[in-house]
file work-v5.cif (mmCIF, C-alpha atoms)
data_run
#
loop_
_atom_site.group_PDB
_atom_site.id
_atom_site.type_symbol
_atom_site.label_atom_id
_atom_site.label_comp_id
_atom_site.auth_asym_id
_atom_site.auth_seq_id
_atom_site.Cartn_x
_atom_site.Cartn_y
_atom_site.Cartn_z
ATOM 1 C CA MET F 313 -21.546 100.940 73.240
ATOM 2 C CA ASP F 314 -25.232 100.745 74.243
ATOM 3 C CA GLU F 315 -27.194 97.520 73.956
ATOM 4 C CA LYS F 316 -29.222 98.631 70.962
ATOM 5 C CA LYS F 317 -26.152 99.473 68.893
ATOM 6 C CA LYS F 318 -24.533 96.246 70.005
ATOM 7 C CA THR F 319 -27.493 94.157 68.821
ATOM 8 C CA GLU F 320 -27.553 96.021 65.524
ATOM 9 C CA LEU F 321 -23.862 95.406 64.904
ATOM 10 C CA ILE F 322 -24.177 91.713 65.780
ATOM 11 C CA LYS F 323 -27.046 91.407 63.341
ATOM 12 C CA LYS F 324 -25.096 93.190 60.618
ATOM 13 C CA ALA F 325 -21.671 91.584 61.076
ATOM 14 C CA THR F 326 -22.412 87.970 61.993
ATOM 15 C CA PRO F 327 -22.092 85.141 61.165
ATOM 16 C CA LEU F 328 -18.525 85.860 60.099
ATOM 17 C CA THR F 329 -16.990 83.640 57.445
ATOM 18 C CA GLU F 330 -14.220 81.362 58.590
ATOM 19 C CA ALA F 331 -11.667 83.525 56.817
ATOM 20 C CA SER F 332 -13.030 86.745 58.348
ATOM 21 C CA PHE F 333 -13.080 85.256 61.842
ATOM 22 C CA TYR F 334 -9.454 84.158 61.534
ATOM 23 C CA ILE F 335 -8.441 87.564 60.180
ATOM 24 C CA LEU F 336 -10.266 89.337 62.993
ATOM 25 C CA ILE F 337 -8.704 87.325 65.836
ATOM 26 C CA SER F 338 -5.253 87.606 64.217
ATOM 27 C CA LEU F 339 -5.570 91.348 64.563
ATOM 28 C CA ASN F 340 -5.531 91.192 68.344
ATOM 29 C CA GLU F 341 -2.067 92.660 67.684
ATOM 30 C CA PRO F 342 -1.208 95.141 64.905
ATOM 31 C CA LEU F 343 -0.253 93.381 61.671
ATOM 32 C CA HIS F 344 -0.033 94.287 57.983
ATOM 33 C CA GLY F 345 -1.911 92.352 55.322
ATOM 34 C CA TYR F 346 0.815 89.839 54.583
ATOM 35 C CA GLY F 347 1.367 89.296 58.318
ATOM 36 C CA VAL F 348 -2.324 88.383 58.621
ATOM 37 C CA MET F 349 -1.963 85.936 55.741
ATOM 38 C CA GLN F 350 0.976 84.194 57.421
ATOM 39 C CA LYS F 351 -0.604 84.134 60.850
ATOM 40 C CA VAL F 352 -3.893 82.636 59.640
ATOM 41 C CA GLU F 353 -2.010 79.973 57.696
ATOM 42 C CA GLU F 354 0.055 79.138 60.765
ATOM 43 C CA LEU F 355 -2.948 79.085 63.164
ATOM 44 C CA SER F 356 -5.025 76.832 60.930
ATOM 45 C CA GLN F 357 -2.021 74.719 59.870
ATOM 46 C CA LYS F 358 -2.584 75.751 56.253
ATOM 47 C CA ARG F 359 -6.199 74.593 56.288
ATOM 48 C CA VAL F 360 -7.480 78.138 55.771
ATOM 49 C CA GLN F 361 -5.639 79.673 52.827
ATOM 50 C CA LEU F 362 -6.037 83.370 52.205
ATOM 51 C CA GLY F 363 -5.508 84.488 48.645
ATOM 52 C CA PRO F 364 -4.759 88.207 48.235
ATOM 53 C CA GLY F 365 -8.159 88.825 46.613
ATOM 54 C CA THR F 366 -10.023 87.219 49.491
ATOM 55 C CA LEU F 367 -7.859 88.994 52.060
ATOM 56 C CA TYR F 368 -8.301 92.413 50.452
ATOM 57 C CA GLY F 369 -12.081 91.978 50.324
ATOM 58 C CA ALA F 370 -12.274 90.740 53.918
ATOM 59 C CA LEU F 371 -10.058 93.547 55.258
ATOM 60 C CA SER F 372 -12.205 96.175 53.479
ATOM 61 C CA ASN F 373 -15.369 94.582 54.778
ATOM 62 C CA LEU F 374 -14.139 94.338 58.385
ATOM 63 C CA GLN F 375 -12.953 97.937 58.183
ATOM 64 C CA ASN F 376 -16.322 99.127 56.860
ATOM 65 C CA LEU F 377 -18.055 97.344 59.726
ATOM 66 C CA GLY F 378 -15.681 99.052 62.171
ATOM 67 C CA LEU F 379 -14.354 95.745 63.510
ATOM 68 C CA ILE F 380 -10.768 96.575 62.567
ATOM 69 C CA GLU F 381 -8.989 99.860 61.923
ATOM 70 C CA SER F 382 -5.818 101.056 60.286
ATOM 71 C CA VAL F 383 -3.326 102.052 62.999
ATOM 72 C CA GLY F 384 -0.344 103.261 61.008
ATOM 73 C CA GLU F 385 2.230 102.033 58.560
ATOM 74 C CA SER F 386 5.263 99.808 58.806
ATOM 75 C CA GLY F 387 8.488 99.180 56.907
ATOM 76 C CA ASN F 388 10.056 100.786 53.875
ATOM 77 C CA GLU F 389 7.132 100.128 51.607
ATOM 78 C CA ARG F 390 4.764 101.711 54.114
ATOM 79 C CA ARG F 391 2.416 98.783 54.485
ATOM 80 C CA LYS F 392 -0.783 99.554 56.334
ATOM 81 C CA LEU F 393 -1.030 98.133 59.833
ATOM 82 C CA TYR F 394 -4.413 96.933 61.034
ATOM 83 C CA CYS F 395 -5.712 96.208 64.513
ATOM 84 C CA MET F 396 -8.947 94.958 66.066
ATOM 85 C CA THR F 397 -11.258 97.622 67.517
ATOM 86 C CA GLU F 398 -13.379 97.323 70.649
ATOM 87 C CA SER F 399 -16.409 96.484 68.498
ATOM 88 C CA GLY F 400 -14.262 93.884 66.758
ATOM 89 C CA ARG F 401 -13.433 92.256 70.063
ATOM 90 C CA MET F 402 -17.105 92.262 71.048
ATOM 91 C CA ILE F 403 -18.039 90.538 67.766
ATOM 92 C CA ALA F 404 -15.195 88.022 68.112
ATOM 93 C CA GLU F 405 -16.371 87.131 71.636
ATOM 94 C CA HIS F 406 -19.940 86.824 70.412
ATOM 95 C CA GLU F 407 -18.815 84.433 67.672
ATOM 96 C CA ILE F 408 -16.714 82.343 70.075
ATOM 97 C CA LYS F 409 -19.779 81.886 72.300
ATOM 98 C CA ARG F 410 -21.793 80.848 69.272
ATOM 99 C CA PHE F 411 -19.141 78.312 68.173
ATOM 100 C CA GLU F 412 -19.035 76.915 71.706
ATOM 101 C CA GLU F 413 -22.773 76.486 71.727
ATOM 102 C CA LEU F 414 -22.638 74.681 68.385
ATOM 103 C CA ALA F 415 -19.859 72.391 69.602
ATOM 104 C CA ARG F 416 -21.576 71.715 72.951
ATOM 105 C CA HIS F 417 -24.866 70.742 71.361
ATOM 106 C CA GLY F 418 -23.133 68.689 68.703
ATOM 107 C CA ARG F 419 -21.161 66.782 71.311
ATOM 108 C CA TYR F 420 -24.233 66.290 73.497
ATOM 109 C CA LEU F 421 -26.447 64.903 70.757
ATOM 110 C CA LEU F 422 -23.764 62.730 69.183
ATOM 111 C CA ARG F 423 -22.467 61.629 72.597
ATOM 112 C CA ILE F 424 -18.813 62.459 71.998
ATOM 113 C CA MET M 298 27.927 87.250 29.631
ATOM 114 C CA LYS M 299 25.814 88.385 26.761
ATOM 115 C CA SER M 300 23.522 85.972 25.071
ATOM 116 C CA ASN M 301 23.449 86.113 21.305
ATOM 117 C CA SER M 302 20.402 83.986 20.785
ATOM 118 C CA LYS M 303 17.610 86.067 19.398
ATOM 119 C CA LYS M 304 14.472 85.817 21.428
ATOM 120 C CA GLU M 305 11.599 84.221 19.621
ATOM 121 C CA THR M 306 8.303 86.002 20.124
ATOM 122 C CA LYS M 307 4.815 85.753 18.766
ATOM 123 C CA THR M 308 1.874 88.080 18.883
ATOM 124 C CA ILE M 309 -1.680 86.805 18.933
ATOM 125 C CA ILE M 310 -4.778 88.890 18.440
ATOM 126 C CA LYS M 311 -7.715 87.255 20.144
ATOM 127 C CA ALA M 312 -11.157 88.525 21.009
ATOM 128 C CA ILE M 313 -11.940 87.451 24.553
ATOM 129 C CA PHE M 314 -14.752 89.210 26.350
ATOM 130 C CA ALA M 315 -15.072 90.402 29.914
ATOM 131 C CA TRP M 316 -17.224 87.457 30.996
ATOM 132 C CA GLU M 317 -14.743 84.929 29.603
ATOM 133 C CA ASP M 318 -11.914 85.725 32.014
ATOM 134 C CA GLU M 319 -11.622 82.150 33.257
ATOM 135 C CA LYS M 320 -11.330 80.884 29.700
ATOM 136 C CA GLU M 321 -8.589 83.449 29.143
ATOM 137 C CA GLU M 322 -6.685 82.302 32.259
ATOM 138 C CA LYS M 323 -6.826 78.727 31.061
ATOM 139 C CA TRP M 324 -5.617 79.662 27.606
ATOM 140 C CA LEU M 325 -2.639 81.592 29.015
ATOM 141 C CA GLU M 326 -1.773 78.622 31.252
ATOM 142 C CA GLU M 327 -1.869 76.284 28.251
ATOM 143 C CA MET M 328 0.401 78.651 26.327
ATOM 144 C CA ALA M 329 2.895 78.606 29.229
ATOM 145 C CA ALA M 330 2.733 74.803 29.392
ATOM 146 C CA ASN M 331 3.580 74.768 25.677
ATOM 147 C CA GLY M 332 6.582 77.031 26.205
ATOM 148 C CA TRP M 333 5.062 80.418 25.463
ATOM 149 C CA ARG M 334 5.452 82.885 28.288
ATOM 150 C CA LEU M 335 3.220 85.959 28.202
ATOM 151 C CA GLU M 336 5.359 89.084 27.902
ATOM 152 C CA LYS M 337 2.931 91.888 27.200
ATOM 153 C CA VAL M 338 -0.796 92.201 27.028
ATOM 154 C CA TYR M 339 -2.991 94.952 25.671
ATOM 155 C CA PRO M 340 -6.706 94.698 25.052
ATOM 156 C CA TYR M 341 -7.066 91.748 22.638
ATOM 157 C CA VAL M 342 -3.322 91.710 21.818
ATOM 158 C CA TYR M 343 -1.019 89.175 23.487
ATOM 159 C CA THR M 344 2.747 88.964 23.012
ATOM 160 C CA PHE M 345 4.456 85.724 24.024
ATOM 161 C CA GLN M 346 8.102 84.796 24.319
ATOM 162 C CA ARG M 347 9.570 81.342 23.734
ATOM 163 C CA SER M 348 10.511 79.678 27.021
ATOM 164 C CA ALA M 349 10.843 76.257 28.562
ATOM 165 C CA PRO M 350 7.427 74.716 29.247
ATOM 166 C CA GLU M 351 6.330 76.118 32.608
ATOM 167 C CA LYS M 352 3.528 75.487 35.035
ATOM 168 C CA ILE M 353 2.299 79.015 35.622
ATOM 169 C CA VAL M 354 -0.999 80.069 37.150
ATOM 170 C CA TYR M 355 -2.580 83.154 35.594
ATOM 171 C CA ARG M 356 -5.358 85.019 37.353
ATOM 172 C CA LEU M 357 -7.306 88.026 36.128
ATOM 173 C CA ASP M 358 -8.811 90.334 38.695
ATOM 174 C CA TYR M 359 -11.032 93.341 38.275
ATOM 175 C CA MET M 360 -10.349 96.374 40.476
ATOM 176 C CA ALA M 361 -10.705 100.070 39.633
ATOM 177 C CA SER M 362 -7.492 102.010 40.209
ATOM 178 C CA THR M 363 -9.638 104.750 41.730
ATOM 179 C CA GLU M 364 -10.398 102.437 44.669
ATOM 180 C CA LYS M 365 -9.514 104.046 47.998
ATOM 181 C CA ASN M 366 -7.032 101.365 49.064
ATOM 182 C CA TYR M 367 -5.669 100.596 45.610
ATOM 183 C CA LYS M 368 -2.021 100.809 46.695
ATOM 184 C CA GLU M 369 -2.747 98.380 49.511
ATOM 185 C CA TYR M 370 -4.438 96.055 47.022
ATOM 186 C CA LEU M 371 -1.312 95.905 44.842
ATOM 187 C CA THR M 372 0.958 95.418 47.883
ATOM 188 C CA LEU M 373 -1.089 92.428 49.074
ATOM 189 C CA PHE M 374 -0.718 90.641 45.737
ATOM 190 C CA LYS M 375 2.985 91.438 45.557
ATOM 191 C CA ASP M 376 3.624 90.217 49.119
ATOM 192 C CA ALA M 377 1.721 87.014 48.402
ATOM 193 C CA GLY M 378 4.102 86.344 45.501
ATOM 194 C CA TRP M 379 1.889 87.295 42.551
ATOM 195 C CA GLU M 380 3.552 89.168 39.705
ATOM 196 C CA LEU M 381 1.478 91.929 38.118
ATOM 197 C CA LEU M 382 1.989 91.613 34.390
ATOM 198 C CA ALA M 383 -0.312 94.317 33.108
ATOM 199 C CA SER M 384 -3.349 96.323 34.029
ATOM 200 C CA PHE M 385 -5.785 98.211 31.871
ATOM 201 C CA ALA M 386 -9.417 99.283 32.168
ATOM 202 C CA GLY M 387 -9.588 97.824 35.668
ATOM 203 C CA TRP M 388 -8.321 94.389 34.609
ATOM 204 C CA HIS M 389 -5.200 93.103 36.339
ATOM 205 C CA TYR M 390 -3.163 90.216 34.964
ATOM 206 C CA PHE M 391 -1.424 88.355 37.779
ATOM 207 C CA ARG M 392 0.729 85.269 37.592
ATOM 208 C CA ILE M 393 2.593 82.960 39.935
ATOM 209 C CA ASN M 394 4.541 79.715 39.584
ATOM 210 C CA ALA M 395 2.581 76.655 40.615
ATOM 211 C CA GLN M 396 4.473 74.852 43.370
ATOM 212 C CA ASN M 397 4.553 71.041 43.366
ATOM 213 C CA GLY M 398 1.118 70.585 41.938
ATOM 214 C CA ASN M 399 -0.347 73.173 44.273
ATOM 215 C CA VAL M 400 -2.444 75.754 42.424
ATOM 216 C CA PRO M 401 -2.446 79.088 44.288
ATOM 217 C CA GLU M 402 -5.679 81.074 44.151
ATOM 218 C CA ILE M 403 -6.396 84.762 44.593
ATOM 219 C CA TYR M 404 -9.924 83.994 45.823
ATOM 220 C CA ASN M 405 -10.596 81.053 48.113
ATOM 221 C CA SER M 406 -14.381 81.106 48.116
ATOM 222 C CA ASP M 407 -17.150 81.664 45.610
ATOM 223 C CA ARG M 408 -18.522 84.406 47.799
ATOM 224 C CA ALA M 409 -15.235 86.353 47.656
ATOM 225 C CA LYS M 410 -14.989 85.715 43.925
ATOM 226 C CA ALA M 411 -18.525 87.000 43.374
ATOM 227 C CA LYS M 412 -17.377 90.394 44.671
ATOM 228 C CA LYS M 413 -14.988 90.687 41.734
ATOM 229 C CA TYR M 414 -17.874 90.233 39.285
ATOM 230 C CA ARG M 415 -20.032 92.621 41.288
ATOM 231 C CA ARG M 416 -17.395 95.335 40.787
ATOM 232 C CA LEU M 417 -17.225 94.500 37.082
ATOM 233 C CA PHE M 418 -21.012 94.442 36.804
ATOM 234 C CA PHE M 419 -21.520 97.875 38.327
ATOM 235 C CA THR M 420 -18.795 99.461 36.196
ATOM 236 C CA ALA M 421 -20.165 97.868 33.022
ATOM 237 C CA LEU M 422 -23.726 98.868 33.852
ATOM 238 C CA THR M 423 -22.765 102.463 34.696
ATOM 239 C CA LEU M 424 -20.745 102.786 31.500
ATOM 240 C CA PHE M 425 -23.583 101.351 29.464
ATOM 241 C CA LEU M 426 -26.217 103.647 30.969
ATOM 242 C CA LEU M 427 -23.960 106.657 30.431
ATOM 243 C CA LEU M 428 -23.462 105.710 26.777
ATOM 244 C CA LEU M 429 -27.055 104.731 26.124
ATOM 245 C CA ASN M 430 -28.509 108.199 25.769
ATOM 246 C CA PRO M 431 -25.894 109.560 23.315
ATOM 247 C CA LEU M 432 -26.158 106.340 21.298
ATOM 248 C CA LEU M 433 -29.924 106.510 21.067
ATOM 249 C CA GLN M 434 -29.651 110.139 20.023
ATOM 250 C CA MET M 435 -27.268 109.153 17.267
ATOM 251 C CA ILE M 436 -29.699 106.527 16.020
ATOM 252 C CA ASP M 437 -32.439 109.118 16.130
ATOM 253 C CA ARG M 438 -30.339 111.521 14.079
ATOM 254 C CA THR M 439 -29.549 108.975 11.378
ATOM 255 C CA ILE M 440 -33.277 108.493 10.823
ATOM 256 C CA HIS M 441 -33.231 111.910 9.198
ATOM 257 C CA ALA M 442 -30.206 111.105 7.048
ATOM 258 C CA ASP M 443 -30.835 111.225 3.302
ATOM 259 C CA HIS M 444 -29.074 108.086 2.254
ATOM 260 C CA LEU M 445 -31.225 105.057 3.046
ATOM 261 C CA LEU M 446 -28.398 102.509 2.873
ATOM 262 C CA LEU M 447 -26.125 104.584 5.094
ATOM 263 C CA ARG M 448 -28.955 105.040 7.556
ATOM 264 C CA LEU M 449 -29.586 101.309 7.670
ATOM 265 C CA ALA M 450 -25.911 100.497 8.137
ATOM 266 C CA PHE M 451 -25.488 102.949 11.003
ATOM 267 C CA ASP M 452 -28.695 101.875 12.669
ATOM 268 C CA SER M 453 -27.851 98.195 12.639
ATOM 269 C CA LEU M 454 -24.361 98.897 13.915
ATOM 270 C CA PHE M 455 -25.696 100.874 16.873
ATOM 271 C CA TRP M 456 -28.345 98.330 17.708
ATOM 272 C CA LEU M 457 -25.837 95.517 17.426
ATOM 273 C CA PHE M 458 -23.583 97.314 19.872
ATOM 274 C CA ILE M 459 -26.412 97.945 22.312
ATOM 275 C CA LEU M 460 -27.638 94.341 22.186
ATOM 276 C CA PHE M 461 -24.116 93.008 22.589
ATOM 277 C CA ALA M 462 -23.544 95.219 25.631
ATOM 278 C CA ILE M 463 -26.801 94.024 27.194
ATOM 279 C CA TYR M 464 -25.803 90.426 26.474
ATOM 280 C CA GLY M 465 -22.441 90.934 28.185
ATOM 281 C CA ILE M 466 -23.998 92.535 31.242
ATOM 282 C CA ILE M 467 -26.477 89.670 31.569
ATOM 283 C CA ARG M 468 -23.642 87.128 31.295
ATOM 284 C CA ILE M 469 -21.771 88.823 34.150
ATOM 285 C CA TRP M 470 -24.950 88.982 36.226
ATOM 286 C CA LEU M 471 -25.575 85.260 35.711
ATOM 287 C CA LYS M 472 -22.030 84.553 36.854
ATOM 288 C CA ILE M 473 -22.662 86.458 40.094
ATOM 289 C CA ARG M 474 -25.933 84.573 40.620
ATOM 290 C CA LYS M 475 -24.215 81.234 40.109
ATOM 291 C CA LEU M 476 -21.385 82.013 42.531
ATOM 292 C CA GLU M 477 -23.685 83.394 45.205
ATOM 293 C CA SER M 478 -26.423 80.775 44.908
ATOM 294 C CA LYS M 479 -24.155 78.146 46.453
ATOM 295 C CA HIS M 480 -24.481 79.972 49.752
ATOM 296 C CA LEU M 481 -28.236 79.861 49.961
ATOM 297 C CA GLU M 482 -29.555 77.476 52.571
#

call {"tool": "encode", "arguments": {"input": "work-v5.cif", "output": "structure tokens"}}
result
Amino acid sequence: MDEKKKTELIKKATPLTEASFYILISLNEPLHGYGVMQKVEELSQKRVQLGPGTLYGALSNLQNLGLIESVGESGNERRKLYCMTESGRMIAEHEIKRFEELARHGRYLLRI
Amino acid sequence: MKSNSKKETKTIIKAIFAWEDEKEEKWLEEMAANGWRLEKVYPYVYTFQRSAPEKIVYRLDYMASTEKNYKEYLTLFKDAGWELLASFAGWHYFRINAQNGNVPEIYNSDRAKAKKYRRLFFTALTLFLLLLNPLLQMIDRTIHADHLLLRLAFDSLFWLFILFAIYGIIRIWLKIRKLESKHLE
């Protein structure tokens, strides 16, 4: 991906909501929708709850942005499996750097 | 074993409009708390069955069945434990048992919830604009009708419908504004 496209995508996709960020990083491995729901709950120790309406909207949005893609189906009920794309990883890394900057400056100014 | 007790049901006809979905959810939850479990729902017609008082959470969502990932949408709700009771005209009636005082939600943020009303808004607006021209033509035609009283009756009915539709669309739009305004900095 060239720099110009990268900048454009960053501008379009970020800042991610907390829910979207958790969904995106969960999809570092292929998971279906309910798997994402469980993983995010586990990672955040139930702090971030994902209702099915929120999850459906966030999955559609991330897919439209090209940050995740459907990579097949699993199980008897043929649930869609999603996975992070290369662009998705780039955006996730960009967001992590941003969070780190926020935390660093916060710590520095509040002396903690 | 076969139960002989006849099931007690009651049917209620109630006019609740598209922008009053939260009021409708609350009403259905109160009915459940009073021992009336929703069995069937059609537009404006609700059939309840006598049950023990239950703490049930009802949620109404709006999603067109023509949506590309509609099957996926239904699977997500099912997997998350929500029972789909009925769906018509894009409205979906979901319910789930509340667990130890915990009220499950289908949307966890106002921003996500606003998307539901955006979908509703665009469908309502499209439908209205599609119907507007034929309706106005009908009004135009009645102007040439012979019977003055008939003409007046038809005209007022059409205008009432048009004004009511505009009112509804504005109500939905205001709801979107309210939900999304909380995110302005």

call {"tool": "closest_residue", "arguments": {"input": "work-v5.cif", "among": "F:Lys323, F:Leu367, F:Glu385, F:Leu379", "to": "Ala404 in chain F", "atoms": "all atoms listed in the file"}}
result
F:Leu379

call {"tool": "closest_atom_pairs", "arguments": {"input": "work-v5.cif", "of": "chain M", "to": "chain F", "cutoff": "7 Å", "atoms": "only C-alpha atoms", "output": "JSON lines"}}
result
{"residue": "M:Tyr370", "atom": "CA", "partner": "F:Tyr368", "partner_atom": "CA", "distance": 6.3}
{"residue": "M:Leu373", "atom": "CA", "partner": "F:Pro364", "partner_atom": "CA", "distance": 5.7}
{"residue": "M:Phe374", "atom": "CA", "partner": "F:Pro364", "partner_atom": "CA", "distance": 5.3}
{"residue": "M:Asp376", "atom": "CA", "partner": "F:Tyr346", "partner_atom": "CA", "distance": 6.2}
{"residue": "M:Ala377", "atom": "CA", "partner": "F:Pro364", "partner_atom": "CA", "distance": 6.6}
{"residue": "M:Glu402", "atom": "CA", "partner": "F:Gly363", "partner_atom": "CA", "distance": 5.6}
{"residue": "M:Ile403", "atom": "CA", "partner": "F:Gly363", "partner_atom": "CA", "distance": 4.2}
{"residue": "M:Tyr404", "atom": "CA", "partner": "F:Thr366", "partner_atom": "CA", "distance": 4.9}
{"residue": "M:Asn405", "atom": "CA", "partner": "F:Gly363", "partner_atom": "CA", "distance": 6.2}
{"residue": "M:Ala409", "atom": "CA", "partner": "F:Thr366", "partner_atom": "CA", "distance": 5.6}

call {"tool": "axis_aligned_box", "arguments": {"input": "work-v5.cif", "around": "range 328-346 of chain M", "padding_each_side": "8 Å", "output": "AutoDock Vina command-line options"}}
result
--center_x 0.5 --center_y 84.9 --center_z 25.6 --size_x 31.2 --size_y 36.2 --size_z 23.6

call {"tool": "closest_residue", "arguments": {"input": "work-v5.cif", "among": "F:Leu339, F:Arg423, F:Ile408, F:Ser356", "to": "Leu393 in chain F", "atoms": "all atoms listed in the file"}}
result
F:Leu339

call {"tool": "closest_residue", "arguments": {"input": "work-v5.cif", "among": "M:Leu381, M:Ala421, M:Leu457, M:Ala411", "to": "Leu471 in chain M", "atoms": "only C-alpha atoms"}}
result
M:Ala411

call {"tool": "residues_around", "arguments": {"input": "work-v5.cif", "residues": "Ala349 in chain M", "least_positions_apart": "3", "cutoff": "9 Å", "atoms": "all atoms listed in the file", "output": "ChimeraX atom specification"}}
result
/M:329-334

call {"tool": "atom_distance", "arguments": {"input": "work-v5.cif", "atom1": "CA of Ile313 in chain M", "atom2": "CA of Lys352 in chain M"}}
result
22.2 Å

call {"tool": "residues_around", "arguments": {"input": "work-v5.cif", "residues": "Lys337 in chain M", "least_positions_apart": "3", "cutoff": "12 Å", "atoms": "all atoms listed in the file", "output": "ChimeraX atom specification"}}
result
/M:306-309,325,333-334,340-346,381-385,390-391

call {"tool": "resolve_selection", "arguments": {"input": "work-v5.cif", "expression": "the PyMOL selection byres ((chain M and resi 430-438) around 12)", "output": "list in words"}}
result
Leu424, Phe425, Leu426, Leu427, Leu428, Leu429, Thr439, Ile440, His441, Ala442, Asp443, Leu447, Arg448, Leu449, Ala450, Phe451, Asp452, Ser453, Leu454, Phe455, Trp456, Leu457, Phe458 and Ile459 of chain M

call {"tool": "residues_around", "arguments": {"input": "work-v5.cif", "residues": "Phe411 in chain F", "least_positions_apart": "4", "cutoff": "12 Å", "atoms": "all atoms listed in the file", "output": "list in words"}}
result
Thr326, Pro327, Leu328, Glu330, Phe333, Ala404, Glu405, His406, Glu407, Ala415, Arg416, His417 and Gly418 of chain F

call {"tool": "closest_residue", "arguments": {"input": "work-v5.cif", "among": "M:Lys412, M:Tyr464, M:Leu417, M:Gly398", "to": "Leu476 in chain M", "atoms": "all atoms listed in the file"}}
result
M:Lys412

call {"tool": "atom_distance", "arguments": {"input": "work-v5.cif", "atom1": "CA of Trp316 in chain M", "atom2": "CA of Ala386 in chain M"}}
result
14.2 Å

call {"tool": "residues_near_point", "arguments": {"input": "work-v5.cif", "point": "(-13.2, 84.8, 38.9)", "cutoff": "9 Å", "atoms": "all atoms listed in the file", "output": "list in words"}}
result
Asp318, Glu319, Arg356, Leu357, Asp358, Tyr359, Ile403, Tyr404, Asp407, Lys410, Ala411, Lys413 and Tyr414 of chain M

call {"tool": "write_last_selection", "arguments": {"input": "work-v5.cif", "atoms": "C-alpha atoms", "output": "CSV table (one decimal), keeping the file's coordinate frame"}}
result
chain,number,residue,atom,x,y,z
M,318,ASP,CA,-11.9,85.7,32.0
M,319,GLU,CA,-11.6,82.2,33.3
M,356,ARG,CA,-5.4,85.0,37.4
M,357,LEU,CA,-7.3,88.0,36.1
M,358,ASP,CA,-8.8,90.3,38.7
M,359,TYR,CA,-11.0,93.3,38.3
M,403,ILE,CA,-6.4,84.8,44.6
M,404,TYR,CA,-9.9,84.0,45.8
M,407,ASP,CA,-17.2,81.7,45.6
M,410,LYS,CA,-15.0,85.7,43.9
M,411,ALA,CA,-18.5,87.0,43.4
M,413,LYS,CA,-15.0,90.7,41.7
M,414,TYR,CA,-17.9,90.2,39.3

call {"tool": "atom_distance", "arguments": {"input": "work-v5.cif", "atom1": "CA of Lys320 in chain M", "atom2": "CA of Glu477 in chain M"}}
result
20.0 Å

call {"tool": "residues_near_point", "arguments": {"input": "work-v5.cif", "point": "(12.7, 87.0, 23.5)", "cutoff": "9 Å", "atoms": "only C-alpha atoms", "output": "ChimeraX atom specification"}}
result
/M:302-306,336,345-348
